[in-house]
>>> print(open('target.csv').read())   # CSV, C-alpha atoms
chain,number,residue,atom,x,y,z
A,1,MET,CA,-19.0,-20.6,-39.6
A,2,ASN,CA,-18.4,-23.9,-37.8
A,3,MET,CA,-15.3,-25.5,-36.4
A,4,SER,CA,-14.2,-27.2,-39.6
A,5,GLU,CA,-14.3,-24.0,-41.5
A,6,PHE,CA,-12.2,-22.1,-39.0
A,7,ASP,CA,-8.9,-21.0,-40.5
A,8,ILE,CA,-6.2,-19.4,-38.3
A,9,ASN,CA,-4.6,-17.7,-41.2
A,10,HIS,CA,-7.8,-16.1,-42.2
A,11,LEU,CA,-8.2,-14.8,-38.6
A,12,ILE,CA,-4.7,-13.4,-38.6
A,13,SER,CA,-5.3,-11.6,-41.8
A,14,ARG,CA,-8.5,-10.1,-40.4
A,15,ILE,CA,-6.5,-8.8,-37.4
A,16,ASP,CA,-4.0,-7.3,-39.8
A,17,SER,CA,-6.8,-5.4,-41.6
A,18,LEU,CA,-8.4,-4.0,-38.4
A,19,PRO,CA,-8.3,-0.2,-38.3
A,20,THR,CA,-5.7,1.5,-36.2
A,21,LEU,CA,-6.7,3.3,-33.0
A,22,PRO,CA,-8.1,6.9,-33.5
A,23,THR,CA,-5.6,9.5,-34.5
A,24,VAL,CA,-6.0,11.4,-31.3
A,25,TYR,CA,-4.4,8.5,-29.5
A,26,TYR,CA,-1.3,8.5,-31.7
A,27,ARG,CA,-1.1,12.2,-31.5
A,28,LEU,CA,-1.1,11.9,-27.7
A,29,LEU,CA,1.8,9.4,-27.9
A,30,ASP,CA,3.8,11.8,-30.1
A,31,VAL,CA,3.3,14.7,-27.7
A,32,MET,CA,4.2,12.5,-24.7
A,33,ASN,CA,7.3,11.1,-26.3
A,34,ASN,CA,8.6,14.6,-26.9
A,35,PRO,CA,10.7,15.6,-23.9
A,36,ARG,CA,9.9,19.3,-24.5
A,37,SER,CA,6.2,18.7,-24.0
A,38,THR,CA,4.5,20.2,-21.0
A,39,ALA,CA,1.3,19.2,-19.2
A,40,VAL,CA,-0.5,22.0,-21.0
A,41,ASN,CA,0.6,20.5,-24.5
A,42,VAL,CA,-0.7,17.1,-23.5
A,43,ALA,CA,-3.9,18.5,-22.1
A,44,ASP,CA,-4.5,20.4,-25.4
A,45,VAL,CA,-4.4,17.2,-27.3
A,46,ILE,CA,-6.7,15.3,-24.9
A,47,CYS,CA,-9.2,18.2,-24.8
A,48,LYS,CA,-9.6,18.0,-28.6
A,49,ASP,CA,-11.8,15.0,-27.9
A,50,GLN,CA,-14.2,16.3,-25.3
A,51,ALA,CA,-15.8,13.0,-24.6
A,52,SER,CA,-12.5,11.4,-23.7
A,53,ALA,CA,-11.4,14.4,-21.8
A,54,SER,CA,-14.4,14.3,-19.5
A,55,LYS,CA,-13.9,10.6,-18.9
A,56,VAL,CA,-10.2,11.1,-18.1
A,57,LEU,CA,-11.2,13.8,-15.6
A,58,LYS,CA,-13.8,11.7,-13.9
A,59,ALA,CA,-11.5,8.7,-13.8
A,60,ALA,CA,-8.7,10.8,-12.3
A,61,ASN,CA,-11.1,11.7,-9.5
A,62,SER,CA,-12.2,8.2,-8.8
A,63,PRO,CA,-11.3,6.7,-5.3
A,64,ILE,CA,-8.5,4.5,-6.7
A,65,TYR,CA,-6.2,7.5,-7.1
A,66,GLY,CA,-7.1,9.0,-3.8
A,67,PHE,CA,-7.8,12.6,-4.9
A,68,TYR,CA,-11.6,12.5,-4.3
A,69,GLY,CA,-12.9,15.1,-6.6
A,70,LYS,CA,-10.0,17.5,-6.2
A,71,ILE,CA,-8.9,17.4,-9.8
A,72,GLN,CA,-10.7,20.0,-11.9
A,73,ASN,CA,-9.1,19.9,-15.3
A,74,ILE,CA,-6.9,17.8,-17.5
A,75,THR,CA,-3.7,19.8,-16.7
A,76,GLN,CA,-4.3,19.1,-13.0
A,77,ALA,CA,-5.0,15.4,-13.8
A,78,ILE,CA,-1.6,15.2,-15.5
A,79,THR,CA,0.1,17.0,-12.6
A,80,TYR,CA,-1.5,14.8,-9.9
A,81,ILE,CA,-1.7,11.3,-11.4
A,82,GLY,CA,1.1,11.7,-13.9
A,83,PHE,CA,1.7,11.6,-17.7
A,84,GLU,CA,1.8,7.8,-17.9
A,85,GLU,CA,-1.3,7.2,-15.9
A,86,VAL,CA,-3.3,9.8,-18.0
A,87,LYS,CA,-2.0,8.2,-21.2
A,88,ASN,CA,-3.1,4.8,-20.0
A,89,LEU,CA,-6.5,6.1,-19.1
A,90,VAL,CA,-6.8,7.5,-22.6
A,91,THR,CA,-5.7,4.1,-24.0
A,92,ALA,CA,-8.3,2.2,-22.0
A,93,ILE,CA,-11.1,4.6,-23.0
A,94,THR,CA,-10.1,4.5,-26.7
A,95,ILE,CA,-9.9,0.7,-26.8
A,96,ILE,CA,-13.2,0.2,-24.9
A,97,ASP,CA,-14.8,2.6,-27.4
A,98,PHE,CA,-13.3,0.7,-30.3
A,99,PHE,CA,-15.0,-2.5,-29.2
A,100,SER,CA,-18.4,-1.2,-28.5
A,101,ASP,CA,-20.2,-4.0,-30.3
A,102,LYS,CA,-23.4,-4.9,-28.7
A,103,PHE,CA,-23.7,-8.5,-29.9
A,104,THR,CA,-25.1,-10.5,-26.9
A,105,ASN,CA,-26.4,-14.0,-26.4
A,106,GLN,CA,-26.6,-16.6,-23.7
A,107,TYR,CA,-22.8,-17.1,-23.7
A,108,ILE,CA,-21.3,-13.8,-24.6
A,109,ASN,CA,-22.0,-10.3,-23.4
A,110,PRO,CA,-19.5,-7.4,-24.1
A,111,ILE,CA,-20.8,-5.3,-21.1
A,112,GLU,CA,-20.1,-8.1,-18.7
A,113,PHE,CA,-16.8,-8.7,-20.5
A,114,TRP,CA,-15.7,-5.2,-19.8
A,115,LYS,CA,-17.0,-5.3,-16.2
A,116,HIS,CA,-14.7,-8.3,-15.6
A,117,SER,CA,-11.8,-6.5,-17.3
A,118,ILE,CA,-12.3,-3.3,-15.3
A,119,SER,CA,-12.3,-5.3,-12.0
A,120,VAL,CA,-9.0,-6.9,-13.0
A,121,GLY,CA,-7.6,-3.5,-13.8
A,122,ILE,CA,-8.7,-2.2,-10.3
A,123,LEU,CA,-7.4,-5.3,-8.5
A,124,SER,CA,-4.1,-5.3,-10.4
A,125,ARG,CA,-3.5,-1.7,-9.4
A,126,LEU,CA,-4.3,-2.3,-5.8
A,127,ILE,CA,-1.9,-5.2,-5.8
A,128,GLY,CA,0.7,-3.1,-7.6
A,129,LYS,CA,0.3,-0.4,-5.0
A,130,GLN,CA,0.7,-3.0,-2.2
A,131,ILE,CA,3.9,-4.3,-3.6
A,132,LYS,CA,5.1,-0.8,-4.3
A,133,ALA,CA,5.6,-1.4,-8.0
A,134,SER,CA,7.9,1.1,-9.7
A,135,ASP,CA,5.7,1.0,-12.8
A,136,LEU,CA,2.4,1.2,-11.0
A,137,GLU,CA,0.9,3.3,-13.8
A,138,SER,CA,0.8,0.2,-16.1
A,139,TYR,CA,-1.2,-2.0,-13.7
A,140,PHE,CA,-4.6,-0.6,-14.3
A,141,LEU,CA,-4.3,-0.7,-18.1
A,142,ALA,CA,-2.7,-4.2,-18.1
A,143,GLY,CA,-5.6,-5.5,-16.1
A,144,ILE,CA,-8.2,-3.9,-18.3
A,145,LEU,CA,-6.6,-5.2,-21.5
A,146,HIS,CA,-5.6,-8.7,-20.3
A,147,ASP,CA,-8.4,-10.4,-22.2
A,148,ILE,CA,-8.2,-8.3,-25.3
A,149,GLY,CA,-8.0,-11.4,-27.4
A,150,LYS,CA,-11.4,-12.6,-26.1
A,151,ILE,CA,-13.1,-9.3,-27.1
A,152,LEU,CA,-11.4,-9.6,-30.5
A,153,PHE,CA,-12.9,-13.2,-30.9
A,154,ILE,CA,-16.3,-11.8,-29.8
A,155,ASN,CA,-16.0,-9.0,-32.3
A,156,LEU,CA,-14.8,-11.0,-35.3
A,157,MET,CA,-16.7,-14.3,-34.8
A,158,PRO,CA,-19.4,-14.0,-32.2
A,159,GLU,CA,-21.3,-17.1,-33.1
A,160,LEU,CA,-18.3,-19.4,-33.2
A,161,TYR,CA,-16.9,-17.9,-30.0
A,162,SER,CA,-20.2,-18.5,-28.2
A,163,LYS,CA,-19.7,-22.2,-29.0
A,164,VAL,CA,-16.3,-22.1,-27.4
A,165,ILE,CA,-17.7,-20.6,-24.2
A,166,GLN,CA,-20.5,-23.1,-24.3
A,167,TYR,CA,-18.0,-25.9,-24.6
A,168,SER,CA,-16.0,-24.5,-21.7
A,169,ILE,CA,-19.1,-24.4,-19.4
A,170,GLU,CA,-20.4,-27.8,-20.4
A,171,ASN,CA,-17.1,-29.5,-20.0
A,172,LYS,CA,-15.9,-27.5,-17.0
A,173,VAL,CA,-12.6,-26.5,-18.8
A,174,GLN,CA,-10.9,-23.1,-19.0
A,175,HIS,CA,-11.7,-20.9,-21.9
A,176,LYS,CA,-8.1,-21.3,-23.3
A,177,ASP,CA,-8.5,-25.1,-23.4
A,178,ALA,CA,-11.8,-24.8,-25.2
A,179,GLU,CA,-10.2,-22.3,-27.6
A,180,ILE,CA,-7.3,-24.7,-28.4
A,181,LYS,CA,-9.7,-27.5,-29.0
A,182,MET,CA,-12.1,-25.6,-31.2
A,183,LEU,CA,-10.0,-22.9,-32.7
A,184,GLY,CA,-6.4,-24.1,-32.4
A,185,ILE,CA,-5.3,-20.7,-31.0
A,186,THR,CA,-5.9,-19.0,-27.6
A,187,HIS,CA,-7.1,-15.6,-26.8
A,188,ASN,CA,-3.7,-14.9,-25.2
A,189,VAL,CA,-1.9,-15.4,-28.5
A,190,VAL,CA,-4.5,-13.5,-30.5
A,191,GLY,CA,-4.5,-10.7,-27.9
A,192,GLU,CA,-0.7,-10.4,-28.3
A,193,LEU,CA,-1.1,-10.1,-32.1
A,194,LEU,CA,-3.5,-7.3,-31.6
A,195,ALA,CA,-1.3,-5.6,-29.0
A,196,ASN,CA,1.5,-5.8,-31.6
A,197,LYS,CA,-0.6,-4.3,-34.3
A,198,TRP,CA,-1.6,-1.4,-32.1
A,199,ASN,CA,2.0,-0.9,-30.8
A,200,LEU,CA,0.9,-1.3,-27.2
A,201,PRO,CA,3.8,-1.3,-24.7
A,202,ASN,CA,5.7,-4.5,-23.9
A,203,SER,CA,4.4,-4.5,-20.3
A,204,ILE,CA,0.8,-4.8,-21.7
A,205,LYS,CA,1.9,-7.5,-24.3
A,206,ASN,CA,3.4,-9.6,-21.5
A,207,ALA,CA,0.3,-9.3,-19.3
A,208,VAL,CA,-1.9,-10.3,-22.3
A,209,ARG,CA,0.3,-13.3,-23.1
A,210,TYR,CA,1.0,-14.6,-19.6
A,211,HIS,CA,-1.9,-13.6,-17.4
A,212,GLU,CA,-3.5,-17.0,-17.7
A,213,SER,CA,-0.6,-19.1,-16.7
A,214,GLY,CA,0.9,-16.6,-14.3
A,215,ASN,CA,4.3,-17.4,-15.8
A,216,VAL,CA,6.6,-15.1,-13.9
A,217,ASP,CA,9.7,-16.0,-15.9
A,218,ASN,CA,9.7,-12.9,-18.0
A,219,SER,CA,10.7,-9.2,-17.8
A,220,TYR,CA,7.5,-7.9,-16.3
A,221,LYS,CA,7.1,-10.6,-13.7
A,222,ASP,CA,5.6,-8.4,-10.9
A,223,LEU,CA,3.0,-7.0,-13.4
A,224,VAL,CA,2.2,-10.4,-14.8
A,225,ALA,CA,1.8,-12.0,-11.4
A,226,SER,CA,-0.4,-9.1,-10.3
A,227,VAL,CA,-2.7,-9.4,-13.3
A,228,HIS,CA,-2.8,-13.2,-12.9
A,229,ILE,CA,-3.9,-13.0,-9.2
A,230,ALA,CA,-6.2,-10.1,-10.0
A,231,ASN,CA,-7.9,-12.2,-12.7
A,232,MET,CA,-8.4,-15.2,-10.4
A,233,ALA,CA,-9.7,-12.8,-7.7
A,234,SER,CA,-12.2,-11.2,-10.1
A,235,LEU,CA,-13.4,-14.7,-11.2
A,236,MET,CA,-14.0,-15.6,-7.5
A,237,TYR,CA,-15.8,-12.3,-6.7
A,238,GLY,CA,-17.9,-13.0,-9.8
A,239,PHE,CA,-17.3,-9.6,-11.5
A,240,GLY,CA,-18.9,-9.7,-14.9
A,241,VAL,CA,-18.8,-13.5,-15.1
A,242,THR,CA,-21.5,-16.1,-14.8
A,243,ASP,CA,-21.8,-18.5,-11.9
A,244,GLU,CA,-20.7,-21.3,-14.2
A,245,VAL,CA,-17.2,-20.3,-15.1
A,246,PRO,CA,-14.6,-22.7,-13.6
A,247,ILE,CA,-11.8,-21.1,-11.7
A,248,PRO,CA,-8.3,-22.7,-12.0
A,249,GLU,CA,-5.7,-22.7,-9.3
A,250,PRO,CA,-3.5,-19.6,-9.2
A,251,ASN,CA,0.1,-20.1,-9.9
A,252,LYS,CA,2.0,-20.6,-6.6
A,253,ASN,CA,5.0,-18.7,-8.0
A,254,ALA,CA,2.8,-15.6,-8.5
A,255,TRP,CA,1.7,-15.7,-4.8
A,256,GLU,CA,5.3,-16.3,-3.7
A,257,LEU,CA,6.5,-13.3,-5.8
A,258,LEU,CA,3.9,-10.9,-4.6
A,259,GLN,CA,3.9,-11.9,-0.9
A,260,LEU,CA,0.5,-10.3,-0.2
A,261,SER,CA,-0.4,-9.9,3.4
A,262,GLU,CA,-2.9,-12.4,4.8
A,263,ASN,CA,-5.7,-9.8,5.0
A,264,PHE,CA,-4.9,-8.0,1.8
A,265,PHE,CA,-8.2,-8.8,0.0
A,266,THR,CA,-10.4,-8.2,3.1
A,267,SER,CA,-8.8,-4.9,3.9
A,268,SER,CA,-8.7,-3.7,0.2
A,269,TYR,CA,-12.3,-4.7,-0.4
A,270,PRO,CA,-14.1,-1.4,0.4
A,271,LEU,CA,-11.8,0.6,-1.8
A,272,MET,CA,-11.8,-2.0,-4.5
A,273,LEU,CA,-15.6,-2.1,-4.7
A,274,SER,CA,-16.2,1.6,-4.7
A,275,SER,CA,-13.5,2.0,-7.4
A,276,TYR,CA,-15.0,-0.8,-9.4
A,277,ASN,CA,-18.5,0.7,-9.3
A,278,ASP,CA,-17.2,4.2,-10.2
A,279,THR,CA,-15.1,3.0,-13.1
A,280,VAL,CA,-17.8,0.7,-14.5
A,281,ASN,CA,-20.3,3.6,-14.5
A,282,LEU,CA,-17.7,5.8,-16.1
A,283,LEU,CA,-16.1,3.6,-18.8
A,284,ILE,CA,-18.9,1.4,-20.1
A,285,LYS,CA,-22.0,3.6,-19.7
A,286,GLN,CA,-21.8,4.5,-23.4
A,287,ILE,CA,-22.1,0.9,-24.6
A,288,GLN,CA,-25.0,0.0,-22.4
B,1,MET,CA,-19.1,0.1,1.8
B,2,GLY,CA,-19.4,3.7,2.7
B,3,LYS,CA,-21.2,6.7,1.4
B,4,MET,CA,-19.1,9.6,-0.1
B,5,ILE,CA,-19.9,13.0,1.5
B,6,LEU,CA,-18.3,16.4,1.2
B,7,ILE,CA,-16.1,17.6,3.9
B,8,GLU,CA,-18.5,20.5,4.5
B,9,ASP,CA,-21.2,18.0,5.4
B,10,LEU,CA,-19.0,16.0,7.7
B,11,LYS,CA,-20.2,16.0,11.3
B,12,GLU,CA,-18.7,15.0,14.7
B,13,GLY,CA,-19.5,11.4,15.6
B,14,MET,CA,-19.6,10.2,12.0
B,15,VAL,CA,-17.5,7.1,11.4
B,16,LEU,CA,-15.1,6.8,8.4
B,17,ALA,CA,-15.8,3.8,6.2
B,18,GLU,CA,-12.5,4.0,4.4
B,19,SER,CA,-9.1,5.3,5.4
B,20,VAL,CA,-8.3,8.8,4.2
B,21,VAL,CA,-5.0,9.2,2.4
B,22,ASN,CA,-3.2,12.4,1.2
B,23,SER,CA,-1.8,13.0,-2.2
B,24,PHE,CA,1.5,11.3,-1.2
B,25,GLY,CA,-0.4,8.1,-0.3
B,26,GLN,CA,0.1,8.7,3.5
B,27,THR,CA,-2.8,7.7,5.7
B,28,LEU,CA,-4.2,10.6,7.5
B,29,LEU,CA,-7.1,8.9,9.2
B,30,ASN,CA,-7.9,5.2,9.5
B,31,ALA,CA,-11.1,3.5,8.5
B,32,GLY,CA,-13.3,3.3,11.6
B,33,CYS,CA,-12.1,6.6,13.0
B,34,ILE,CA,-14.8,8.6,14.7
B,35,ILE,CA,-14.8,12.2,13.5
B,36,GLY,CA,-13.9,14.6,16.2
B,37,SER,CA,-13.7,18.4,16.3
B,38,ASN,CA,-10.2,18.6,14.8
B,39,HIS,CA,-10.6,16.2,11.9
B,40,LYS,CA,-12.4,18.6,9.5
B,41,ARG,CA,-9.5,21.1,9.8
B,42,ILE,CA,-6.9,18.4,9.0
B,43,LEU,CA,-8.8,17.2,5.9
B,44,LYS,CA,-9.2,20.8,4.7
B,45,THR,CA,-5.5,21.5,5.2
B,46,TRP,CA,-4.8,18.6,2.8
B,47,ASN,CA,-7.3,20.1,0.3
B,48,LEU,CA,-9.5,17.0,0.4
B,49,THR,CA,-13.1,17.6,-0.7
B,50,SER,CA,-14.9,14.4,0.3
B,51,VAL,CA,-14.6,11.2,2.4
B,52,SER,CA,-16.4,7.9,2.7
B,53,ILE,CA,-18.4,7.5,5.9
B,54,LYS,CA,-20.4,4.6,7.3
B,55,SER,CA,-24.1,4.9,6.7
B,56,ASP,CA,-27.2,2.9,7.8
B,57,ASP,CA,-27.0,1.0,4.5
B,58,ASP,CA,-23.9,-0.7,5.8
B,59,GLU,CA,-26.1,-2.6,8.2
B,60,VAL,CA,-27.0,-4.8,5.3
B,61,GLU,CA,-23.5,-6.3,5.4
B,62,ASN,CA,-24.0,-7.3,9.0
B,63,LYS,CA,-27.3,-8.9,8.5
B,64,ILE,CA,-26.2,-11.6,6.0
B,65,SER,CA,-27.7,-14.8,7.3
B,66,SER,CA,-25.5,-17.9,7.8
B,67,GLU,CA,-27.7,-19.7,5.2
B,68,LEU,CA,-26.8,-17.1,2.6
B,69,LEU,CA,-23.1,-17.4,3.4
B,70,LYS,CA,-23.3,-21.1,3.1
B,71,PHE,CA,-25.2,-20.8,-0.2
B,72,ALA,CA,-22.5,-18.5,-1.6
B,73,GLU,CA,-19.7,-20.7,-0.3
B,74,ASP,CA,-21.3,-23.9,-1.8
B,75,ASN,CA,-21.6,-22.1,-5.2
B,76,LEU,CA,-18.1,-20.9,-5.1
B,77,LYS,CA,-16.8,-24.3,-4.2
B,78,LEU,CA,-18.5,-25.8,-7.3
B,79,ARG,CA,-16.6,-23.4,-9.5
B,80,LEU,CA,-13.2,-23.7,-7.8
B,81,LEU,CA,-11.0,-26.4,-9.3
B,82,TRP,CA,-8.7,-26.2,-6.2
B,83,GLN,CA,-8.6,-25.8,-2.5
B,84,PRO,CA,-7.4,-22.5,-0.9
B,85,LYS,CA,-4.5,-23.3,1.4
B,86,LEU,CA,-2.1,-20.2,1.5
B,87,PRO,CA,-3.2,-17.5,4.0
B,88,ALA,CA,-3.7,-15.0,1.1
B,89,GLU,CA,-5.8,-17.6,-0.8
B,90,ILE,CA,-8.0,-18.2,2.3
B,91,ASP,CA,-8.4,-14.4,2.7
B,92,LEU,CA,-9.4,-14.0,-0.9
B,93,TYR,CA,-11.8,-17.0,-0.6
B,94,ASN,CA,-13.5,-15.5,2.5
B,95,SER,CA,-13.7,-12.0,1.0
B,96,ALA,CA,-15.3,-13.4,-2.2
B,97,ILE,CA,-17.9,-15.4,-0.2
B,98,LEU,CA,-18.9,-12.3,1.7
B,99,HIS,CA,-19.1,-10.3,-1.5
B,100,LEU,CA,-21.2,-13.0,-3.3
B,101,ALA,CA,-23.6,-13.3,-0.3
B,102,THR,CA,-24.0,-9.5,-0.1
B,103,LYS,CA,-24.7,-9.3,-3.8
B,104,ARG,CA,-27.4,-12.0,-3.5
B,105,GLN,CA,-28.9,-10.2,-0.4
B,106,VAL,CA,-29.1,-6.9,-2.2
B,107,ARG,CA,-30.6,-8.5,-5.3
>>> encode(input="target.csv", output="structure tokens")
Amino acid sequence: MNMSEFDINHLISRIDSLPTLPTVYYRLLDVMNNPRSTAVNVADVICKDQASASKVLKAANSPIYGFYGKIQNITQAITYIGFEEVKNLVTAITIIDFFSDKFTNQYINPIEFWKHSISVGILSRLIGKQIKASDLESYFLAGILHDIGKILFINLMPELYSKVIQYSIENKVQHKDAEIKMLGITHNVVGELLANKWNLPNSIKNAVRYHESGNVDNSYKDLVASVHIANMASLMYGFGVTDEVPIPEPNKNAWELLQLSENFFTSSYPLMLSSYNDTVNLLIKQIQ
Amino acid sequence: MGKMILIEDLKEGMVLAESVVNSFGQTLLNAGCIIGSNHKRILKTWNLTSVSIKSDDDEVENKISSELLKFAEDNLKLRLLWQPKLPAEIDLYNSAILHLATKRQVR
């Protein structure tokens, strides 16, 4: 496929025909939405899929939650880190598994893509904790899924999307500008279409749509600002990105909203790095 | 960067690489704290099983040459389409340079 053959309507119909997420995920949502459900009911559903259950358990014990190996089963994980956080871990694990395509070339690499996404998840959560966000449990997932439109492009049209990345590097422009020029649609918009199809929460949809601009004029402004800054920070640290990716200026409104202390990044660095290494080992080992 | 060890293996004189927090998010011991005779008991009371301590490997961080830092900074500057000005931006910039230089050193 080349540029002239690219058809947005065709892309949208392909998104429509993508499979839904595995049934265990929707069963979990059902159980969690039932006010009579207990931690044991939820644990029963998660444990039906042993691979996911073991990842949830390891993730719940990672340094980012601060329980350091204390959580021994899924019921405890739910008690300690909470229903929402466990649900979001299952969502992250399910979606990473869904996109386990191994297509790799000079410009695109799904492993590196997920490494970047995980670092944004970790950084978003650390920022969320610092600003004492009331919906802290959404921050990790929003960070992990912020670029879901890009992985969709990589999955549906790897060759063409490689050219987009190549264009971005050669012309020192952001990915979204290269996408508009070559595809006429950005990963933010495509990502939101996918989030809609999968019924992901509105908080995630907003992060997917606005993480690039850092537009804080929306109902999830703290979350969007956190994912925006976390994304810039991850690009600067170079997590899962090549040395050639240009880094745009963060939105001043996002900095202003978050009011991070002047040593936030330096002081969070050790925890951020150990959480990043742990989570990468845990979540993307199976696609390496 | 610290090394995770079990509370059982913790010895007096070891130095914490990361602060230890309890399940309510309260800091029990700060990073840099030298483990004394009482500390193990406190950690066990809170049912913690492991902590991060400084190890000899951490020396790598302190041995980054100024050339390597400059190389990392020059590379980062090439990619940045802007100039860090706010205190938080400058902090992020410095932390990123240290990380990039460390990564190159380890490599």
>>> interface_residues(input="target.csv", of="chain B", to="chain A", cutoff="6 Å", atoms="only C-alpha atoms", output="CSV table (one decimal) with C-alpha atoms, keeping the file's coordinate frame")
chain,number,residue,atom,x,y,z
B,1,MET,CA,-19.1,0.1,1.8
B,50,SER,CA,-14.9,14.4,0.3
B,79,ARG,CA,-16.6,-23.4,-9.5
B,80,LEU,CA,-13.2,-23.7,-7.8
B,81,LEU,CA,-11.0,-26.4,-9.3
B,82,TRP,CA,-8.7,-26.2,-6.2
B,87,PRO,CA,-3.2,-17.5,4.0
B,88,ALA,CA,-3.7,-15.0,1.1
B,91,ASP,CA,-8.4,-14.4,2.7
B,92,LEU,CA,-9.4,-14.0,-0.9
B,95,SER,CA,-13.7,-12.0,1.0
B,96,ALA,CA,-15.3,-13.4,-2.2
>>> atom_distance(input="target.csv", atom1="atom CA of Leu76 of chain B", atom2="atom CA of Asn109 of chain A")
21.5 Å
>>> atom_distance(input="target.csv", atom1="atom CA of Val208 of chain A", atom2="atom CA of Gln50 of chain A")
29.5 Å
>>> closest_residue(input="target.csv", among="A:Ser162, A:Asn41, A:Asn199, A:Asn34", to="Leu21 of chain A", atoms="all atoms listed in the file")
A:Asn199
>>> atom_distance(input="target.csv", atom1="atom CA of Ile96 of chain A", atom2="atom CA of Leu57 of chain A")
16.6 Å
>>> closest_residue(input="target.csv", among="B:Ser37, B:Thr49, B:Ser23, B:Thr102", to="Ser66 of chain B", atoms="only C-alpha atoms")
B:Thr102
>>> residues_near_point(input="target.csv", point="(6.5, -12.8, -5.1)", cutoff="12 Å", atoms="all atoms listed in the file", output="number ranges by chain")
A: 127-128, 130-131, 133, 214-217, 221-226, 229, 251-261
>>> residues_near_point(input="target.csv", point="(-9.2, 7.9, -22.0)", cutoff="9 Å", atoms="only C-alpha atoms", output="number ranges by chain")
A: 25, 46, 51-57, 59, 86-95, 283
>>> residues_around(input="target.csv", residues="Glu18 of chain B", least_positions_apart="2", cutoff="6 Å", atoms="all atoms listed in the file", output="PyMOL selection string")
chain B and resi 16+31+52
>>> residues_around(input="target.csv", residues="Gln26 of chain B", least_positions_apart="6", cutoff="12 Å", atoms="all atoms listed in the file", output="ChimeraX atom specification")
/A:66 /B:19-20,46
>>> write_last_selection(input="target.csv", atoms="C-alpha atoms", output="mmCIF file, keeping the file's coordinate frame")
data_model
loop_
_atom_site.group_PDB
_atom_site.id
_atom_site.type_symbol
_atom_site.label_atom_id
_atom_site.label_comp_id
_atom_site.auth_asym_id
_atom_site.auth_seq_id
_atom_site.Cartn_x
_atom_site.Cartn_y
_atom_site.Cartn_z
ATOM 1 C CA GLY A 66 -7.100 9.000 -3.800
ATOM 2 C CA SER B 19 -9.100 5.300 5.400
ATOM 3 C CA VAL B 20 -8.300 8.800 4.200
ATOM 4 C CA TRP B 46 -4.800 18.600 2.800
#
>>> decode(input="target.csv", residues="segment 188-199 of chain A", atoms="N, CA and C atoms", output="PDB file, in the first residue's frame")
ATOM      1  N   ASN A 188      -4.036   9.630  17.628  1.00  0.00           N
ATOM      2  CA  ASN A 188      -4.921  10.011  18.728  1.00  0.00           C
ATOM      3  C   ASN A 188      -6.377   9.715  18.365  1.00  0.00           C
ATOM      4  N   VAL A 189      -6.747  10.080  17.132  1.00  0.00           N
ATOM      5  CA  VAL A 189      -8.132   9.883  16.690  1.00  0.00           C
ATOM      6  C   VAL A 189      -8.415   8.389  16.506  1.00  0.00           C
ATOM      7  N   VAL A 190      -7.481   7.701  15.864  1.00  0.00           N
ATOM      8  CA  VAL A 190      -7.662   6.264  15.635  1.00  0.00           C
ATOM      9  C   VAL A 190      -7.717   5.524  16.969  1.00  0.00           C
ATOM     10  N   GLY A 191      -6.861   5.959  17.905  1.00  0.00           N
ATOM     11  CA  GLY A 191      -6.841   5.340  19.234  1.00  0.00           C
ATOM     12  C   GLY A 191      -8.175   5.508  19.939  1.00  0.00           C
ATOM     13  N   GLU A 192      -8.773   6.686  19.774  1.00  0.00           N
ATOM     14  CA  GLU A 192     -10.059   6.916  20.421  1.00  0.00           C
ATOM     15  C   GLU A 192     -11.150   6.032  19.794  1.00  0.00           C
ATOM     16  N   LEU A 193     -11.064   5.842  18.482  1.00  0.00           N
ATOM     17  CA  LEU A 193     -12.039   4.949  17.816  1.00  0.00           C
ATOM     18  C   LEU A 193     -11.952   3.533  18.395  1.00  0.00           C
ATOM     19  N   LEU A 194     -10.721   3.092  18.597  1.00  0.00           N
ATOM     20  CA  LEU A 194     -10.530   1.746  19.152  1.00  0.00           C
ATOM     21  C   LEU A 194     -11.021   1.686  20.604  1.00  0.00           C
ATOM     22  N   ALA A 195     -10.708   2.739  21.367  1.00  0.00           N
ATOM     23  CA  ALA A 195     -11.151   2.788  22.775  1.00  0.00           C
ATOM     24  C   ALA A 195     -12.682   2.738  22.837  1.00  0.00           C
ATOM     25  N   ASN A 196     -13.331   3.392  21.877  1.00  0.00           N
ATOM     26  CA  ASN A 196     -14.802   3.352  21.812  1.00  0.00           C
ATOM     27  C   ASN A 196     -15.285   1.946  21.510  1.00  0.00           C
ATOM     28  N   LYS A 197     -14.628   1.320  20.540  1.00  0.00           N
ATOM     29  CA  LYS A 197     -15.053  -0.026  20.144  1.00  0.00           C
ATOM     30  C   LYS A 197     -14.953  -0.992  21.321  1.00  0.00           C
ATOM     31  N   TRP A 198     -13.905  -0.819  22.111  1.00  0.00           N
ATOM     32  CA  TRP A 198     -13.689  -1.738  23.234  1.00  0.00           C
ATOM     33  C   TRP A 198     -14.340  -1.256  24.533  1.00  0.00           C
ATOM     34  N   ASN A 199     -15.100  -0.190  24.439  1.00  0.00           N
ATOM     35  CA  ASN A 199     -15.777   0.343  25.626  1.00  0.00           C
ATOM     36  C   ASN A 199     -14.837   0.642  26.774  1.00  0.00           C
TER      37      ASN A 199
END
